[in-house]
>>> print(open('start_21.pdb').read())   # PDB, C-alpha atoms
ATOM      1  CA  MET A  29       4.670  -0.254  26.975  1.00  0.00           C
ATOM      2  CA  ASP A  30       0.909  -0.310  27.482  1.00  0.00           C
ATOM      3  CA  ILE A  31      -0.958   1.818  24.971  1.00  0.00           C
ATOM      4  CA  GLY A  32      -4.367   0.866  26.339  1.00  0.00           C
ATOM      5  CA  ARG A  33      -7.356  -0.742  24.689  1.00  0.00           C
ATOM      6  CA  PRO A  34      -8.055  -0.685  20.961  1.00  0.00           C
ATOM      7  CA  GLN A  35     -10.566   1.983  19.979  1.00  0.00           C
ATOM      8  CA  ARG A  36     -10.825   1.886  16.198  1.00  0.00           C
ATOM      9  CA  ILE A  37      -9.287   0.496  13.047  1.00  0.00           C
ATOM     10  CA  ILE A  38      -8.186   2.809  10.265  1.00  0.00           C
ATOM     11  CA  GLU A  39      -7.208   1.641   6.788  1.00  0.00           C
ATOM     12  CA  ILE A  40      -4.894   4.305   5.398  1.00  0.00           C
ATOM     13  CA  GLU A  41      -3.808   4.312   1.778  1.00  0.00           C
ATOM     14  CA  PRO A  42      -1.707   7.452   1.331  1.00  0.00           C
ATOM     15  CA  VAL A  43      -1.748   9.169  -2.051  1.00  0.00           C
ATOM     16  CA  THR A  44       2.027   9.545  -1.740  1.00  0.00           C
ATOM     17  CA  LEU A  45       4.137   7.440   0.573  1.00  0.00           C
ATOM     18  CA  PRO A  46       5.688   9.406   3.452  1.00  0.00           C
ATOM     19  CA  LEU A  47       9.116   8.269   2.355  1.00  0.00           C
ATOM     20  CA  PRO A  48      11.968  10.592   1.321  1.00  0.00           C
ATOM     21  CA  SER A  49      12.797  10.696  -2.351  1.00  0.00           C
ATOM     22  CA  PRO A  50      16.433  10.964  -3.401  1.00  0.00           C
ATOM     23  CA  ASP A  51      17.378  14.620  -3.981  1.00  0.00           C
ATOM     24  CA  LEU A  52      19.702  13.906  -6.845  1.00  0.00           C
ATOM     25  CA  PRO A  53      19.301  11.513  -9.776  1.00  0.00           C
ATOM     26  CA  ALA A  54      21.749   8.654  -9.940  1.00  0.00           C
ATOM     27  CA  TYR A  55      24.947   9.586 -11.738  1.00  0.00           C
ATOM     28  CA  GLU A  56      25.155   7.891 -15.107  1.00  0.00           C
ATOM     29  CA  PRO A  57      28.360   8.490 -17.057  1.00  0.00           C
ATOM     30  CA  THR A  58      27.734   9.370 -20.683  1.00  0.00           C
ATOM     31  CA  THR A  59      28.968   6.991 -23.373  1.00  0.00           C
ATOM     32  CA  GLU A  60      28.609   9.462 -26.230  1.00  0.00           C
ATOM     33  CA  PRO A  61      31.815  10.957 -27.642  1.00  0.00           C
ATOM     34  CA  ALA A  62      32.557  14.527 -26.751  1.00  0.00           C
ATOM     35  CA  PRO A  63      31.542  17.009 -29.490  1.00  0.00           C
ATOM     36  CA  ALA A  64      34.311  18.065 -31.881  1.00  0.00           C
ATOM     37  CA  PRO A  65      35.713  21.552 -31.235  1.00  0.00           C
ATOM     38  CA  THR A  66      34.291  24.179 -33.585  1.00  0.00           C
ATOM     39  CA  PRO A  67      36.783  26.417 -35.441  1.00  0.00           C
ATOM     40  CA  ASP A  68      37.221  29.867 -33.994  1.00  0.00           C
ATOM     41  CA  PRO A  69      35.455  32.276 -36.371  1.00  0.00           C
ATOM     42  CA  THR A  70      37.670  35.164 -35.264  1.00  0.00           C
ATOM     43  CA  PRO A  71      40.425  35.785 -37.875  1.00  0.00           C
ATOM     44  CA  VAL A  72      43.936  35.657 -36.582  1.00  0.00           C
ATOM     45  CA  GLU A  73      45.694  38.990 -36.785  1.00  0.00           C
ATOM     46  CA  PRO A  74      49.065  38.841 -38.544  1.00  0.00           C
ATOM     47  CA  VAL A  75      51.951  39.430 -36.206  1.00  0.00           C
ATOM     48  CA  ASP A  76      54.522  42.028 -37.114  1.00  0.00           C
ATOM     49  CA  PRO A  77      58.039  40.667 -37.265  1.00  0.00           C
TER
ATOM     50  CA  MET B  14     -20.385  -9.262  24.763  1.00  0.00           C
ATOM     51  CA  THR B  15     -16.959 -10.779  25.354  1.00  0.00           C
ATOM     52  CA  THR B  16     -13.783  -8.784  24.962  1.00  0.00           C
ATOM     53  CA  ALA B  17     -12.834 -10.732  21.857  1.00  0.00           C
ATOM     54  CA  SER B  18     -16.207 -10.195  20.204  1.00  0.00           C
ATOM     55  CA  ALA B  19     -16.148  -6.525  21.215  1.00  0.00           C
ATOM     56  CA  LEU B  20     -12.782  -6.179  19.495  1.00  0.00           C
ATOM     57  CA  ARG B  21     -14.028  -7.918  16.396  1.00  0.00           C
ATOM     58  CA  SER B  22     -16.998  -5.541  16.250  1.00  0.00           C
ATOM     59  CA  LEU B  23     -14.740  -2.512  15.693  1.00  0.00           C
ATOM     60  CA  GLU B  24     -15.451  -1.219  12.231  1.00  0.00           C
ATOM     61  CA  ALA B  25     -12.679   0.043  10.010  1.00  0.00           C
ATOM     62  CA  THR B  26     -12.668   3.597   8.705  1.00  0.00           C
ATOM     63  CA  THR B  27     -10.541   4.713   5.796  1.00  0.00           C
ATOM     64  CA  GLY B  28      -8.144   7.580   5.209  1.00  0.00           C
ATOM     65  CA  ILE B  29      -5.510   8.892   2.824  1.00  0.00           C
ATOM     66  CA  GLU B  30      -3.294  10.844   5.252  1.00  0.00           C
ATOM     67  CA  PRO B  31      -0.718   8.892   7.286  1.00  0.00           C
ATOM     68  CA  ILE B  32      -0.984   9.234  11.053  1.00  0.00           C
ATOM     69  CA  VAL B  33       2.013  10.860  12.716  1.00  0.00           C
ATOM     70  CA  ALA B  34       2.884   9.641  16.217  1.00  0.00           C
ATOM     71  CA  TRP B  35       5.722   9.691  18.765  1.00  0.00           C
ATOM     72  CA  ARG B  36       8.222   6.893  18.984  1.00  0.00           C
ATOM     73  CA  THR B  37      11.650   5.983  20.374  1.00  0.00           C
ATOM     74  CA  TRP B  38      14.282   3.702  18.881  1.00  0.00           C
ATOM     75  CA  ALA B  39      17.507   2.045  19.903  1.00  0.00           C
ATOM     76  CA  LEU B  40      20.512   2.787  17.684  1.00  0.00           C
ATOM     77  CA  THR B  41      23.357   0.647  16.368  1.00  0.00           C
ATOM     78  CA  GLY B  42      26.347   1.453  14.180  1.00  0.00           C
ATOM     79  CA  HIS B  43      30.018   0.784  13.593  1.00  0.00           C
ATOM     80  CA  ARG B  44      32.800   2.145  15.807  1.00  0.00           C
ATOM     81  CA  ASP B  45      33.312   5.097  13.444  1.00  0.00           C
ATOM     82  CA  GLY B  46      29.612   5.994  13.509  1.00  0.00           C
ATOM     83  CA  SER B  47      28.844   4.545  10.079  1.00  0.00           C
ATOM     84  CA  ASP B  48      26.095   2.071   9.115  1.00  0.00           C
ATOM     85  CA  LEU B  49      23.604   3.613  11.516  1.00  0.00           C
ATOM     86  CA  LEU B  50      20.409   1.627  12.040  1.00  0.00           C
ATOM     87  CA  LEU B  51      17.286   2.456  14.012  1.00  0.00           C
ATOM     88  CA  ARG B  52      16.012  -0.560  15.933  1.00  0.00           C
ATOM     89  CA  PRO B  53      12.993  -1.269  18.133  1.00  0.00           C
ATOM     90  CA  VAL B  54      13.760  -0.670  21.816  1.00  0.00           C
ATOM     91  CA  ALA B  55      12.080  -3.923  22.825  1.00  0.00           C
ATOM     92  CA  GLY B  56      12.978  -7.418  21.754  1.00  0.00           C
ATOM     93  CA  ARG B  57      15.189  -8.430  18.876  1.00  0.00           C
ATOM     94  CA  SER B  58      12.936  -7.328  16.062  1.00  0.00           C
ATOM     95  CA  ARG B  59      14.233  -6.339  12.658  1.00  0.00           C
ATOM     96  CA  PRO B  60      15.868  -2.923  12.198  1.00  0.00           C
ATOM     97  CA  TRP B  61      14.197  -0.061  10.372  1.00  0.00           C
ATOM     98  CA  ARG B  62      16.143   0.148   7.085  1.00  0.00           C
ATOM     99  CA  PRO B  63      16.995   3.600   5.685  1.00  0.00           C
ATOM    100  CA  MET B  64      14.902   4.718   2.695  1.00  0.00           C
ATOM    101  CA  GLN B  65      12.690   1.633   2.977  1.00  0.00           C
ATOM    102  CA  VAL B  66       9.183   1.222   4.305  1.00  0.00           C
ATOM    103  CA  THR B  67       9.190  -0.747   7.548  1.00  0.00           C
ATOM    104  CA  GLU B  68       6.509  -3.421   7.581  1.00  0.00           C
ATOM    105  CA  ALA B  69       5.091  -4.965  10.739  1.00  0.00           C
ATOM    106  CA  GLY B  70       5.588  -8.638  11.449  1.00  0.00           C
ATOM    107  CA  CYS B  71       4.524 -10.922  14.264  1.00  0.00           C
ATOM    108  CA  LYS B  72       6.883 -13.420  15.840  1.00  0.00           C
ATOM    109  CA  HIS B  73       4.172 -15.160  17.856  1.00  0.00           C
ATOM    110  CA  THR B  74       2.210 -16.605  14.985  1.00  0.00           C
ATOM    111  CA  ARG B  75       2.122 -16.723  11.242  1.00  0.00           C
ATOM    112  CA  LEU B  76      -1.639 -17.109  11.283  1.00  0.00           C
ATOM    113  CA  HIS B  77      -2.592 -13.463  11.332  1.00  0.00           C
ATOM    114  CA  ALA B  78      -1.630 -10.295   9.494  1.00  0.00           C
ATOM    115  CA  SER B  79       0.021  -7.625  11.593  1.00  0.00           C
ATOM    116  CA  PRO B  80      -1.290  -5.665  13.392  1.00  0.00           C
ATOM    117  CA  SER B  81      -3.988  -7.955  14.720  1.00  0.00           C
ATOM    118  CA  LEU B  82      -6.713  -6.915  17.178  1.00  0.00           C
ATOM    119  CA  GLU B  83      -6.080  -9.985  19.310  1.00  0.00           C
ATOM    120  CA  CYS B  84      -2.310  -9.503  19.535  1.00  0.00           C
ATOM    121  CA  THR B  85       0.126  -6.771  20.546  1.00  0.00           C
ATOM    122  CA  CYS B  86       2.058  -6.882  17.279  1.00  0.00           C
ATOM    123  CA  GLY B  87       2.555  -3.993  14.888  1.00  0.00           C
ATOM    124  CA  LEU B  88       4.700  -0.893  14.644  1.00  0.00           C
ATOM    125  CA  HIS B  89       3.970   1.172  17.735  1.00  0.00           C
ATOM    126  CA  GLY B  90       3.576   4.915  18.074  1.00  0.00           C
ATOM    127  CA  THR B  91       2.130   6.966  20.926  1.00  0.00           C
ATOM    128  CA  HIS B  92      -0.128  10.001  21.231  1.00  0.00           C
ATOM    129  CA  GLY B  93       2.143  11.681  23.769  1.00  0.00           C
ATOM    130  CA  LEU B  94       5.713  11.692  25.017  1.00  0.00           C
ATOM    131  CA  ASP B  95       5.274  10.687  28.655  1.00  0.00           C
ATOM    132  CA  LEU B  96       4.523   7.059  27.862  1.00  0.00           C
ATOM    133  CA  LEU B  97       7.818   6.802  25.955  1.00  0.00           C
ATOM    134  CA  ARG B  98       9.786   7.741  29.075  1.00  0.00           C
ATOM    135  CA  ARG B  99       9.057   4.228  30.318  1.00  0.00           C
ATOM    136  CA  THR B 100      10.650   2.540  27.299  1.00  0.00           C
ATOM    137  CA  ARG B 101      13.878   0.624  27.765  1.00  0.00           C
ATOM    138  CA  CYS B 102      17.120   2.263  26.623  1.00  0.00           C
ATOM    139  CA  PRO B 103      15.797   4.779  24.101  1.00  0.00           C
ATOM    140  CA  ALA B 104      18.544   6.427  22.024  1.00  0.00           C
ATOM    141  CA  VAL B 105      16.492   8.281  19.438  1.00  0.00           C
ATOM    142  CA  LEU B 106      13.220  10.188  19.826  1.00  0.00           C
ATOM    143  CA  GLY B 107      11.101  11.139  16.854  1.00  0.00           C
ATOM    144  CA  ARG B 108       7.862  11.397  14.978  1.00  0.00           C
ATOM    145  CA  VAL B 109       6.857   8.495  12.787  1.00  0.00           C
ATOM    146  CA  ALA B 110       4.370   8.235   9.919  1.00  0.00           C
ATOM    147  CA  LEU B 111       2.024   5.237  10.195  1.00  0.00           C
ATOM    148  CA  TRP B 112      -0.206   3.853   7.480  1.00  0.00           C
ATOM    149  CA  GLY B 113      -1.745   0.715   6.039  1.00  0.00           C
ATOM    150  CA  ARG B 114      -3.861  -1.055   8.642  1.00  0.00           C
ATOM    151  CA  VAL B 115      -3.644   1.077  11.807  1.00  0.00           C
ATOM    152  CA  ILE B 116      -5.272   0.181  15.134  1.00  0.00           C
ATOM    153  CA  GLU B 117      -5.780   3.195  17.356  1.00  0.00           C
ATOM    154  CA  HIS B 118      -5.587   2.526  21.102  1.00  0.00           C
ATOM    155  CA  ASP B 119      -6.288   4.729  24.126  1.00  0.00           C
ATOM    156  CA  HIS B 120      -2.715   6.046  24.175  1.00  0.00           C
ATOM    157  CA  GLY B 121      -1.241   5.234  20.784  1.00  0.00           C
ATOM    158  CA  TYR B 122      -1.284   3.169  17.627  1.00  0.00           C
ATOM    159  CA  ARG B 123      -0.164  -0.121  16.115  1.00  0.00           C
ATOM    160  CA  ALA B 124       0.421   0.063  12.376  1.00  0.00           C
ATOM    161  CA  GLN B 125       1.233  -2.091   9.376  1.00  0.00           C
ATOM    162  CA  TYR B 126       3.704   0.319   7.710  1.00  0.00           C
ATOM    163  CA  ALA B 127       5.909   3.113   9.053  1.00  0.00           C
ATOM    164  CA  TYR B 128       8.790   5.458   8.307  1.00  0.00           C
ATOM    165  CA  PRO B 129      10.424   8.053  10.615  1.00  0.00           C
ATOM    166  CA  GLN B 130       9.751  11.710   9.770  1.00  0.00           C
ATOM    167  CA  VAL B 131      11.856  13.696  12.264  1.00  0.00           C
ATOM    168  CA  VAL B 132      14.406  12.371  14.760  1.00  0.00           C
ATOM    169  CA  THR B 133      16.868  13.503  17.407  1.00  0.00           C
ATOM    170  CA  LEU B 134      19.305  11.752  19.736  1.00  0.00           C
ATOM    171  CA  ILE B 135      18.455  11.735  23.435  1.00  0.00           C
ATOM    172  CA  CYS B 136      20.322  10.975  26.642  1.00  0.00           C
ATOM    173  CA  GLN B 137      18.151   8.162  27.966  1.00  0.00           C
ATOM    174  CA  PHE B 138      18.832   9.022  31.624  1.00  0.00           C
ATOM    175  CA  CYS B 139      17.869  12.687  31.162  1.00  0.00           C
ATOM    176  CA  PHE B 140      14.786  11.561  29.240  1.00  0.00           C
ATOM    177  CA  TRP B 141      13.727   9.282  32.082  1.00  0.00           C
ATOM    178  CA  GLN B 142      14.375  11.920  34.735  1.00  0.00           C
ATOM    179  CA  TRP B 143      13.286  15.176  33.169  1.00  0.00           C
ATOM    180  CA  GLY B 144      11.629  14.433  29.848  1.00  0.00           C
ATOM    181  CA  SER B 145      12.548  15.179  26.290  1.00  0.00           C
ATOM    182  CA  HIS B 146      13.075  18.944  26.647  1.00  0.00           C
ATOM    183  CA  ALA B 147      16.287  18.426  28.636  1.00  0.00           C
ATOM    184  CA  ALA B 148      17.659  15.262  27.057  1.00  0.00           C
ATOM    185  CA  ARG B 149      20.209  16.641  24.604  1.00  0.00           C
ATOM    186  CA  PRO B 150      23.314  14.397  24.606  1.00  0.00           C
ATOM    187  CA  ASP B 151      26.940  15.523  24.269  1.00  0.00           C
ATOM    188  CA  ILE B 152      28.543  12.295  23.158  1.00  0.00           C
ATOM    189  CA  VAL B 153      27.563   8.868  21.828  1.00  0.00           C
ATOM    190  CA  GLY B 154      29.166   5.842  23.422  1.00  0.00           C
ATOM    191  CA  TRP B 155      29.975   2.844  21.247  1.00  0.00           C
ATOM    192  CA  PHE B 156      29.395  -0.391  23.172  1.00  0.00           C
ATOM    193  CA  ALA B 157      29.436  -4.140  22.555  1.00  0.00           C
ATOM    194  CA  ARG B 158      27.313  -5.493  19.695  1.00  0.00           C
ATOM    195  CA  ASP B 159      27.550  -2.082  17.984  1.00  0.00           C
ATOM    196  CA  ALA B 160      25.104  -0.482  20.428  1.00  0.00           C
ATOM    197  CA  LEU B 161      25.276   3.321  20.312  1.00  0.00           C
ATOM    198  CA  VAL B 162      24.179   5.111  23.481  1.00  0.00           C
ATOM    199  CA  PRO B 163      23.856   8.925  23.478  1.00  0.00           C
ATOM    200  CA  LEU B 164      24.764  10.478  26.848  1.00  0.00           C
ATOM    201  CA  CYS B 165      25.223  13.916  28.370  1.00  0.00           C
ATOM    202  CA  TRP B 166      28.582  14.561  30.093  1.00  0.00           C
ATOM    203  CA  GLY B 167      27.057  14.126  33.542  1.00  0.00           C
ATOM    204  CA  HIS B 168      25.496  10.782  32.789  1.00  0.00           C
ATOM    205  CA  LEU B 169      28.598   9.567  30.936  1.00  0.00           C
ATOM    206  CA  GLU B 170      30.567  10.174  34.143  1.00  0.00           C
ATOM    207  CA  LEU B 171      27.895   8.397  36.177  1.00  0.00           C
ATOM    208  CA  ALA B 172      27.798   5.465  33.738  1.00  0.00           C
ATOM    209  CA  GLN B 173      31.587   5.084  33.884  1.00  0.00           C
ATOM    210  CA  ARG B 174      31.507   5.151  37.672  1.00  0.00           C
ATOM    211  CA  TYR B 175      29.150   2.162  37.587  1.00  0.00           C
ATOM    212  CA  GLY B 176      31.237   0.219  35.098  1.00  0.00           C
ATOM    213  CA  MET B 177      29.374   1.146  31.928  1.00  0.00           C
ATOM    214  CA  GLU B 178      32.485   2.071  29.977  1.00  0.00           C
ATOM    215  CA  PRO B 179      32.060   2.874  26.263  1.00  0.00           C
ATOM    216  CA  ARG B 180      34.676   1.364  23.974  1.00  0.00           C
ATOM    217  CA  ARG B 181      34.722   4.566  22.001  1.00  0.00           C
ATOM    218  CA  LEU B 182      33.190   8.034  22.196  1.00  0.00           C
ATOM    219  CA  LEU B 183      31.748   9.889  19.199  1.00  0.00           C
ATOM    220  CA  PRO B 184      30.546  13.519  19.070  1.00  0.00           C
ATOM    221  CA  ALA B 185      26.750  13.493  19.414  1.00  0.00           C
ATOM    222  CA  HIS B 186      26.184  16.243  16.829  1.00  0.00           C
ATOM    223  CA  GLU B 187      28.082  14.222  14.202  1.00  0.00           C
ATOM    224  CA  VAL B 188      26.098  11.033  14.858  1.00  0.00           C
ATOM    225  CA  ASP B 189      22.856  13.042  14.918  1.00  0.00           C
ATOM    226  CA  LEU B 190      23.652  14.557  11.520  1.00  0.00           C
ATOM    227  CA  ALA B 191      24.747  11.211  10.070  1.00  0.00           C
ATOM    228  CA  LEU B 192      21.521   9.603  11.290  1.00  0.00           C
ATOM    229  CA  ARG B 193      19.376  12.260   9.632  1.00  0.00           C
ATOM    230  CA  GLU B 194      21.366  11.975   6.417  1.00  0.00           C
ATOM    231  CA  THR B 195      21.104   8.185   6.470  1.00  0.00           C
ATOM    232  CA  TYR B 196      17.313   8.247   6.772  1.00  0.00           C
ATOM    233  CA  ALA B 197      16.909  11.522   4.824  1.00  0.00           C
ATOM    234  CA  VAL B 198      14.747  13.040   7.569  1.00  0.00           C
ATOM    235  CA  ASP B 199      14.747  16.358   9.438  1.00  0.00           C
ATOM    236  CA  GLN B 200      15.758  17.039  13.000  1.00  0.00           C
ATOM    237  CA  LEU B 201      13.138  17.074  15.726  1.00  0.00           C
ATOM    238  CA  VAL B 202      13.578  20.585  17.103  1.00  0.00           C
ATOM    239  CA  HIS B 203      10.405  21.792  18.818  1.00  0.00           C
ATOM    240  CA  TRP B 204       8.113  19.615  20.845  1.00  0.00           C
TER
END
>>> encode(input="start_21.pdb", output="structure tokens")
Amino acid sequence: MDIGRPQRIIEIEPVTLPLPSPDLPAYEPTTEPAPAPTPDPTPVEPVDP
Amino acid sequence: MTTASALRSLEATTGIEPIVAWRTWALTGHRDGSDLLLRPVAGRSRPWRPMQVTEAGCKHTRLHASPSLECTCGLHGTHGLDLLRRTRCPAVLGRVALWGRVIEHDHGYRAQYAYPQVVTLICQFCFWQWGSHAARPDIVGWFARDALVPLCWGHLELAQRYGMEPRRLLPAHEVDLALRETYAVDQLVHW
């Protein structure tokens, strides 16, 4: 493919690279233990026999 | 002034916006359409890796940085589409961002760094005959050495008649989508 004669030289330093960035962060499984369940503050109604 | 000295007298300007130009690629992948890779249509140069900047290299000499004024090396892009219709076996048409050291020519560019911006599959025979506006393929043929060749139904039939028999056929829209997902780029829709 002949693109002709050179006309000019351009030195381009983009502020941001024209490269896609990953949409989602990498999945990192947590190592912290799950929080303990909190007691239900609602009193339990007594059940009629 | 000789041609060489005239070339050397070209002064460099600077910029911060990448140049966007036209380009075609060949395409390879596995028989199931995975591991898609864009490759230069000419020669056996390195593939363009997904999510990585492609950097120009020169196989002729290690004595100059690429692109060099006195060589034809560099990552090529063109001002217009017509010139690309003469390229050998194009499978993918798109727009490419070029930056770093860029040499502008009469009809295109040679650059140090590049990454595709928008792409679409093309039937190479339609592209040669009628141009890009009527080159939408229906299927992608999987051939020897993992070559993937997008074709319309008419040109698939013609290719088979002349002994160009794909080992497997893949739906073009699925390969097109997988290619865009692989490189995280948009589809070339209007041009």
>>> resolve_selection(input="start_21.pdb", expression="the PyMOL selection byres ((chain B) within 9 of (chain A))", output="PyMOL selection string")
chain B and resi 20+23-32+64-66+82+89-91+96-97+99-100+110-122+127-130+196-198
>>> atom_distance(input="start_21.pdb", atom1="CA of Arg193 (chain B)", atom2="CA of Arg62 (chain B)")
12.8 Å
>>> atom_distance(input="start_21.pdb", atom1="CA of Pro163 (chain B)", atom2="CA of Gln137 (chain B)")
7.3 Å
>>> axis_aligned_box(input="start_21.pdb", around="region 77-88 of chain B", padding_each_side="8 Å", output="AutoDock Vina command-line options")
--center_x -1.0 --center_y -7.2 --center_z 15.0 --size_x 27.4 --size_y 28.6 --size_z 27.1
>>> resolve_selection(input="start_21.pdb", expression="the PyMOL selection byres ((chain B and resi 45-60) around 7)", output="PyMOL selection string")
chain B and resi 38-44+61-62+101-103+188+192
>>> atom_distance(input="start_21.pdb", atom1="CA of Glu194 (chain B)", atom2="CA of Leu134 (chain B)")
13.5 Å
>>> closest_residue(input="start_21.pdb", among="B:Ala69, B:Val131, B:Leu94, B:Val109", to="Asp199 (chain B)", atoms="only C-alpha atoms")
B:Val131
>>> resolve_selection(input="start_21.pdb", expression="the PyMOL selection byres ((chain B and resi 166) around 8)", output="list in words")
Pro150, Asp151, Ile152, Leu164, Cys165, Gly167, His168, Leu169 and Glu170 of chain B
